[in-house]
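J.: Input file: model13.cif. Contents: mmCIF, C-alpha atoms.
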data_final
loop_
_atom_site.label_atom_id
_atom_site.label_comp_id
_atom_site.auth_asym_id
_atom_site.auth_seq_id
_atom_site.Cartn_x
_atom_site.Cartn_y
_atom_site.Cartn_z
CA GLN N 1 37.70 42.97 150.29
CA VAL N 2 40.10 45.91 149.98
CA ARG N 3 40.81 45.65 153.72
CA HIS N 4 41.62 41.94 153.30
CA LEU N 5 44.02 42.73 150.44
CA ALA N 6 45.75 45.45 152.49
CA THR N 7 46.10 43.05 155.42
CA ASP N 8 47.64 40.45 153.11
CA ILE N 9 50.15 42.99 151.79
CA ILE N 10 51.08 44.09 155.31
CA GLN N 11 51.44 40.47 156.43
CA ALA N 12 53.74 39.76 153.48
CA ARG N 13 55.97 42.70 154.45
CA LEU N 14 55.99 41.52 158.06
CA ASP N 15 56.88 37.96 157.06
CA SER N 16 59.69 39.19 154.83
CA LEU N 17 61.03 41.21 157.79
CA GLN N 18 60.94 44.50 155.88
CA CYS N 19 59.68 46.71 158.69
CA THR N 20 61.18 49.06 161.23
CA GLU N 21 60.88 48.43 164.95
CA GLU N 22 58.17 51.09 165.15
CA ALA N 23 56.23 49.43 162.34
CA TYR N 24 56.40 46.00 164.02
CA ARG N 25 55.01 47.55 167.20
CA TRP N 26 52.32 49.53 165.37
CA PHE N 27 51.09 46.59 163.27
CA GLU N 28 50.90 44.38 166.33
CA GLY N 29 49.25 47.01 168.53
CA ARG N 30 46.76 48.34 165.98
CA LEU N 31 46.09 45.38 163.71
CA GLY N 32 47.21 42.39 165.76
CA LEU N 33 49.62 41.38 162.99
CA THR N 34 53.08 39.94 163.66
CA PRO N 35 55.67 38.23 161.48
CA VAL N 36 55.23 34.49 161.11
CA HIS N 37 58.71 34.21 162.65
CA ARG N 38 57.60 35.58 166.03
CA HIS N 39 56.51 32.20 167.32
CA PRO N 40 58.25 29.84 167.60
CA ALA N 41 61.50 31.14 166.02
CA ALA N 42 61.96 34.49 167.80
CA ALA N 43 60.53 33.09 171.05
CA LYS N 44 62.96 30.14 170.87
CA PHE N 45 65.87 32.52 170.24
CA LEU N 46 65.01 34.73 173.21
CA LYS N 47 64.15 31.85 175.54
CA SER N 48 67.50 30.22 174.75
CA ILE N 49 69.36 33.44 175.60
CA ILE N 50 67.44 33.87 178.83
CA LYS N 51 68.04 30.23 179.80
CA ILE N 52 71.81 30.67 179.35
CA LEU N 53 71.72 33.78 181.51
CA ASP N 54 69.53 32.03 184.07
CA MET N 55 72.00 29.13 184.32
CA GLU N 56 74.72 31.74 184.91
CA GLY N 57 72.65 33.30 187.71
CA GLN N 58 72.20 36.52 185.74
CA ILE N 59 68.38 36.59 185.56
CA HIS N 60 66.68 38.25 188.49
CA ASP N 61 63.08 37.83 187.28
CA ASP N 62 62.16 34.33 188.49
CA THR N 63 59.00 34.19 186.34
CA ILE N 64 60.39 35.40 183.03
CA LEU N 65 60.75 31.90 181.55
CA GLU N 66 57.11 31.23 182.48
CA ASP N 67 55.84 34.02 180.23
CA PRO N 68 53.07 32.73 177.90
CA ILE N 69 55.18 33.56 174.81
CA PHE N 70 57.49 30.70 175.84
CA THR N 71 54.80 28.03 176.24
CA ASP N 72 55.84 24.85 174.39
CA VAL N 73 58.98 26.58 173.05
CA PRO N 74 62.18 24.52 173.25
CA VAL N 75 65.53 25.84 174.46
CA LEU N 76 68.69 25.57 172.37
CA HIS N 77 72.23 25.50 173.71
CA ASP N 78 73.22 27.86 170.87
CA PRO N 79 70.59 30.51 170.09
CA LEU N 80 72.23 31.25 166.73
CA VAL N 81 70.80 27.97 165.42
CA VAL N 82 67.48 29.84 165.14
CA GLY N 83 68.93 32.31 162.64
CA GLN N 84 70.43 29.45 160.65
CA GLU N 85 67.06 27.66 160.63
CA MET N 86 65.31 30.81 159.39
CA LEU N 87 67.94 31.23 156.68
CA SER N 88 67.58 27.61 155.62
CA ASP N 89 63.77 27.84 155.57
CA ALA N 90 63.96 30.71 153.06
CA GLU N 91 66.46 29.05 150.73
CA SER N 92 63.83 28.18 148.11
CA LEU N 93 62.54 31.78 148.11
CA LEU N 94 65.87 33.38 147.28
CA GLY N 95 65.42 32.86 143.57
CA ASP N 96 67.76 31.89 140.81
CA GLY N 97 70.75 33.69 139.40
CA THR N 98 74.47 33.48 139.68
CA LYS N 99 76.12 32.11 142.79
CA SER N 100 77.18 35.62 143.83
CA GLU N 101 73.64 37.01 143.33
CA ARG N 102 72.17 34.22 145.49
CA GLU N 103 74.86 34.82 148.13
CA GLU N 104 74.02 38.53 148.21
CA ARG N 105 70.31 37.71 148.66
CA ARG N 106 71.20 35.22 151.42
CA SER N 107 73.34 37.84 153.16
CA ALA N 108 70.63 40.48 152.91
CA TRP N 109 68.02 38.04 154.28
CA TYR N 110 70.34 37.01 157.12
CA GLN N 111 70.83 40.68 157.98
CA ARG N 112 67.04 41.17 158.12
CA ILE N 113 66.80 38.10 160.37
CA SER N 114 69.38 39.57 162.74
CA LYS N 115 67.63 42.94 162.75
CA TYR N 116 64.26 41.33 163.56
CA LEU N 117 65.71 39.11 166.29
CA ALA N 118 67.47 42.17 167.76
CA PHE N 119 64.07 43.89 167.90
CA CYS N 120 62.58 40.84 169.63
CA VAL N 121 65.41 40.71 172.19
CA ASP N 122 65.25 44.46 172.78
CA GLY N 123 61.76 44.46 174.25
CA GLY N 124 59.88 43.30 171.14
CA LEU N 125 58.68 40.14 172.88
CA LEU N 126 58.90 40.87 176.61
CA GLY N 127 58.84 44.66 176.77
CA GLU N 128 60.95 46.10 179.57
CA ARG N 129 61.30 42.68 181.22
CA PHE N 130 64.16 41.86 178.85
CA THR N 131 66.10 44.16 176.51
CA ILE N 132 69.48 44.20 174.80
CA GLY N 133 70.65 46.26 177.77
CA THR N 134 69.70 43.34 180.03
CA LEU N 135 71.73 41.01 177.83
CA LEU N 136 74.80 43.24 177.71
CA GLN N 137 74.79 43.96 181.45
CA ALA N 138 74.52 40.26 182.22
CA MET N 139 77.35 39.50 179.78
CA HIS N 140 79.53 42.02 181.58
CA ARG N 141 78.87 40.36 184.95
CA GLY N 142 78.92 36.71 183.85
CA ALA N 143 81.71 34.31 183.01
CA GLY N 144 80.72 30.79 181.84
CA GLU N 145 78.78 31.07 178.59
CA ILE N 146 79.92 34.58 177.73
CA LYS N 147 81.52 33.49 174.44
CA VAL N 148 78.17 32.19 173.16
CA LEU N 149 76.42 35.37 174.26
CA ARG N 150 79.12 37.61 172.75
CA THR N 151 78.60 35.84 169.43
CA VAL N 152 74.83 36.35 169.82
CA ALA N 153 75.39 40.08 170.45
CA GLU N 154 77.67 40.33 167.40
CA PHE N 155 75.00 38.56 165.31
CA LEU N 156 72.30 40.93 166.56
CA LEU N 157 74.48 43.90 165.63
CA HIS N 158 75.33 42.07 162.39
CA LEU N 159 78.68 43.75 162.18
CA MET N 160 79.60 44.11 158.52
CA PRO N 161 80.66 46.99 156.31
CA HIS N 162 77.45 48.86 155.54
CA GLY N 163 75.56 47.61 152.49
CA ASP N 164 78.16 44.99 151.56
CA TYR N 165 76.13 41.85 150.92
CA SER N 166 78.84 40.19 148.88
CA LYS N 167 80.36 38.70 152.02
CA LYS N 168 78.74 36.10 154.23
CA TRP N 169 78.41 37.01 157.92
CA SER N 170 80.09 34.66 160.35
CA PRO N 171 80.99 34.98 164.04
CA SER N 172 84.62 35.59 163.08
CA PHE N 173 83.82 38.25 160.45
CA VAL N 174 84.02 41.23 162.81
CA SER N 175 84.27 41.23 166.58
CA LEU N 176 82.96 43.83 168.99
CA SER N 177 86.52 44.73 169.90
CA GLN N 178 87.37 45.29 166.22
CA LEU N 179 84.34 47.58 165.93
CA LEU N 180 85.57 49.60 168.89
CA HIS N 181 89.04 49.93 167.32
CA GLU N 182 87.84 50.66 163.75
CA PRO N 183 84.39 52.25 163.98
CA GLU N 184 84.80 54.16 160.73
CA ARG N 185 84.55 50.86 158.75
CA PHE N 186 80.99 50.23 159.89
CA GLY N 187 77.63 51.94 159.63
CA LYS N 188 78.55 54.35 156.85
#
Would you mind writing the file's structure down as structure tokens?
T.:
Amino acid sequence: QVRHLATDIIQARLDSLQCTEEAYRWFEGRLGLTPVHRHPAAAKFLKSIIKILDMEGQIHDDTILEDPIFTDVPVLHDPLVVGQEMLSDAESLLGDGTKSEREERRSAWYQRISKYLAFCVDGGLLGERFTIGTLLQAMHRGAGEIKVLRTVAEFLLHLMPHGDYSKKWSPSFVSLSQLLHEPERFGK
């Protein structure tokens, strides 16, 4: 019964996306536990990214979209819809309080969503078959849907002044080019 309780506690931490990349890997490898968001949300996010790159001719693994993780998973034109869906699904769990307190909790949850989806993109779902490096290299070579993928990359990095949850992240909040010009504003 103690083991069942410990598993429940671990699963709650996983589902609230409060783990490091190493912890996600360890819990899955040792205990077979993954966040509830892994399938279909994270799989839909990654499949949508890969589909965009595939349509641009940037995917060189012809079988990647046939991976079992993608079985019965739809593709979205805009992968960021997944993050919005996850944020919306948690709305009732964010508690009461002032508008600014709720907005801070929303921002913190959205940041955890981006961190988890970044882990999933960076080998968390497909290992070395697809990583953030794969995404960035393909973005550099591609042309058509690069704006969508640049916004996805900015979301995954969740570029915001460190620890400032008072502001809501949006694609126009901070761009990659702004980060390169003003790196001291971020990650402090």
J.: In Å, with one decimal, what is the gap from CA of Glu128 (chain N) to CA of Ile64 (chain N)?
T.: 11.3 Å
J.: Name the residues that the PyMOL selection byres ((chain N and resi 149) around 9) pulls out of this structure, and write them as a ChimeraX atom specification.
T.: /N:49,52-53,78-79,135-136,139,145-148,150-154
J.: When the PyMOL selection byres ((chain N and resi 37) around 12) is applied to the structure above, which residues does it catch, written out as a PyMOL selection string?
T.: chain N and resi 11-12+14-17+33-36+38-45+82-83+85-87+89-90+112-114+116-117+120+125
J.: Go through N:Leu157, N:Ile50, N:Gln137, N:Gly124 and flag the residue nearest Arg25 (chain N), using all atoms listed in the file for the distances.
T.: N:Gly124
J.: Rank N:His158, N:His4, N:His60, N:Lys47 by their smallest atom-to-atom distance to Trp109 (chain N), using only C-alpha atoms, and report the top residue only.
T.: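 Smallest distance to Trp109 (chain N) is found for N:His158.
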J.: Box along x, y and z, 6 Å on every side, all listed atoms of region 62-74 of chain N inside: centre and edge lengths in Å to one decimal, as AutoDock Vina command-line options.
T.:
--center_x 57.6 --center_y 30.0 --center_z 180.8 --size_x 21.1 --size_y 22.9 --size_z 27.4
J.: I need the output of the PyMOL selection byres ((chain N and resi 106) around 9) for this file as a compact mmCIF listing (two decimals) with C-alpha atoms, in the frame of the given file; which residues are they?
T.:
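The resulting result-v7.txt:
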# COMPACT_ATOMS: atom_id res chain seq x y z
CA LEU N 87 67.94 31.23 156.68
CA ALA N 90 63.96 30.71 153.06
CA GLU N 91 66.46 29.05 150.73
CA LEU N 94 65.87 33.38 147.28
CA GLU N 101 73.64 37.01 143.33
CA ARG N 102 72.17 34.22 145.49
CA GLU N 103 74.86 34.82 148.13
CA GLU N 104 74.02 38.53 148.21
CA ARG N 105 70.31 37.71 148.66
CA SER N 107 73.34 37.84 153.16
CA ALA N 108 70.63 40.48 152.91
CA TRP N 109 68.02 38.04 154.28
CA TYR N 110 70.34 37.01 157.12
CA GLN N 111 70.83 40.68 157.98
CA TYR N 165 76.13 41.85 150.92
CA LYS N 168 78.74 36.10 154.23
J.: Rounded to one decimal place, report the CA of Gly97 (chain N)-CA of Thr20 (chain N) distance in Å.
T.: 28.4 Å
J.: Using all atoms listed in the file, which of N:Leu126, N:Val121, N:Ala138, N:Leu46 sits nearest Val81 (chain N)?
T.: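 Distance minimum relative to Val81 (chain N) lands on N:Leu46.
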J.: Calculate how many Å separate CA of Leu80 (chain N) from CA of Glu56 (chain N), rounding to one decimal.
T.: 18.4 Å
J.: Pick from N:Val75, N:Arg141, N:Leu93, N:Glu21: nearest to Ala118 (chain N), with only C-alpha atoms counted?
T.: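 Of the candidates, the smallest distance to Ala118 (chain N) is held by N:Glu21.
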J.: Because the input lacks atoms here, generate N, CA, C and O atoms for region 99-123 of chain N and report them as a compact mmCIF listing (two decimals), in the frame of the given file.
T.:
# COMPACT_ATOMS: atom_id res chain seq x y z
N LYS N 99 75.78 32.46 141.41
CA LYS N 99 76.12 32.11 142.79
C LYS N 99 76.30 33.38 143.63
O LYS N 99 75.84 33.45 144.77
N SER N 100 76.95 34.38 143.08
CA SER N 100 77.18 35.62 143.83
C SER N 100 75.87 36.37 144.09
O SER N 100 75.70 36.96 145.16
N GLU N 101 74.94 36.35 143.13
CA GLU N 101 73.64 37.01 143.33
C GLU N 101 72.85 36.31 144.44
O GLU N 101 72.26 36.98 145.31
N ARG N 102 72.86 34.97 144.43
CA ARG N 102 72.17 34.22 145.49
C ARG N 102 72.82 34.48 146.85
O ARG N 102 72.13 34.64 147.84
N GLU N 103 74.15 34.57 146.88
CA GLU N 103 74.86 34.82 148.13
C GLU N 103 74.53 36.21 148.67
O GLU N 103 74.37 36.40 149.87
N GLU N 104 74.41 37.18 147.78
CA GLU N 104 74.02 38.53 148.21
C GLU N 104 72.61 38.53 148.79
O GLU N 104 72.36 39.17 149.80
N ARG N 105 71.68 37.80 148.14
CA ARG N 105 70.31 37.71 148.66
C ARG N 105 70.30 37.00 150.00
O ARG N 105 69.57 37.39 150.92
N ARG N 106 71.10 35.94 150.15
CA ARG N 106 71.20 35.22 151.42
C ARG N 106 71.73 36.15 152.51
O ARG N 106 71.21 36.17 153.63
N SER N 107 72.75 36.92 152.19
CA SER N 107 73.34 37.84 153.16
C SER N 107 72.34 38.93 153.57
O SER N 107 72.25 39.28 154.74
N ALA N 108 71.62 39.45 152.60
CA ALA N 108 70.63 40.48 152.91
C ALA N 108 69.51 39.90 153.78
O ALA N 108 69.05 40.55 154.74
N TRP N 109 69.06 38.68 153.47
CA TRP N 109 68.02 38.04 154.28
C TRP N 109 68.53 37.76 155.69
O TRP N 109 67.84 38.01 156.68
N TYR N 110 69.76 37.30 155.81
CA TYR N 110 70.34 37.01 157.12
C TYR N 110 70.46 38.30 157.95
O TYR N 110 70.25 38.29 159.16
N GLN N 111 70.77 39.40 157.28
CA GLN N 111 70.83 40.68 157.98
C GLN N 111 69.44 41.08 158.48
O GLN N 111 69.30 41.57 159.61
N ARG N 112 68.40 40.87 157.67
CA ARG N 112 67.04 41.17 158.12
C ARG N 112 66.64 40.27 159.28
O ARG N 112 65.95 40.72 160.21
N ILE N 113 67.06 39.01 159.26
CA ILE N 113 66.80 38.10 160.37
C ILE N 113 67.44 38.65 161.64
O ILE N 113 66.79 38.72 162.70
N SER N 114 68.69 39.06 161.55
CA SER N 114 69.38 39.57 162.74
C SER N 114 68.71 40.84 163.26
O SER N 114 68.56 41.03 164.47
N LYS N 115 68.29 41.69 162.36
CA LYS N 115 67.63 42.94 162.75
C LYS N 115 66.30 42.64 163.46
O LYS N 115 65.98 43.25 164.48
N TYR N 116 65.54 41.69 162.93
CA TYR N 116 64.26 41.33 163.56
C TYR N 116 64.48 40.67 164.92
O TYR N 116 63.81 41.00 165.90
N LEU N 117 65.44 39.76 165.01
CA LEU N 117 65.71 39.11 166.29
C LEU N 117 66.24 40.12 167.30
O LEU N 117 65.93 40.02 168.50
N ALA N 118 67.01 41.11 166.85
CA ALA N 118 67.47 42.17 167.76
C ALA N 118 66.27 42.94 168.30
O ALA N 118 66.21 43.25 169.50
N PHE N 119 65.30 43.24 167.45
CA PHE N 119 64.07 43.89 167.90
C PHE N 119 63.37 43.04 168.94
O PHE N 119 62.92 43.55 169.98
N CYS N 120 63.27 41.74 168.70
CA CYS N 120 62.58 40.84 169.63
C CYS N 120 63.30 40.78 170.98
O CYS N 120 62.66 40.80 172.03
N VAL N 121 64.63 40.73 170.95
CA VAL N 121 65.41 40.71 172.19
C VAL N 121 65.28 42.05 172.91
O VAL N 121 65.18 42.09 174.14
N ASP N 122 65.26 43.13 172.18
CA ASP N 122 65.25 44.46 172.78
C ASP N 122 63.83 44.94 173.11
O ASP N 122 63.43 46.04 172.75
N GLY N 123 63.09 44.08 173.78
CA GLY N 123 61.76 44.46 174.25
C GLY N 123 60.63 44.11 173.30
O GLY N 123 59.46 44.27 173.66
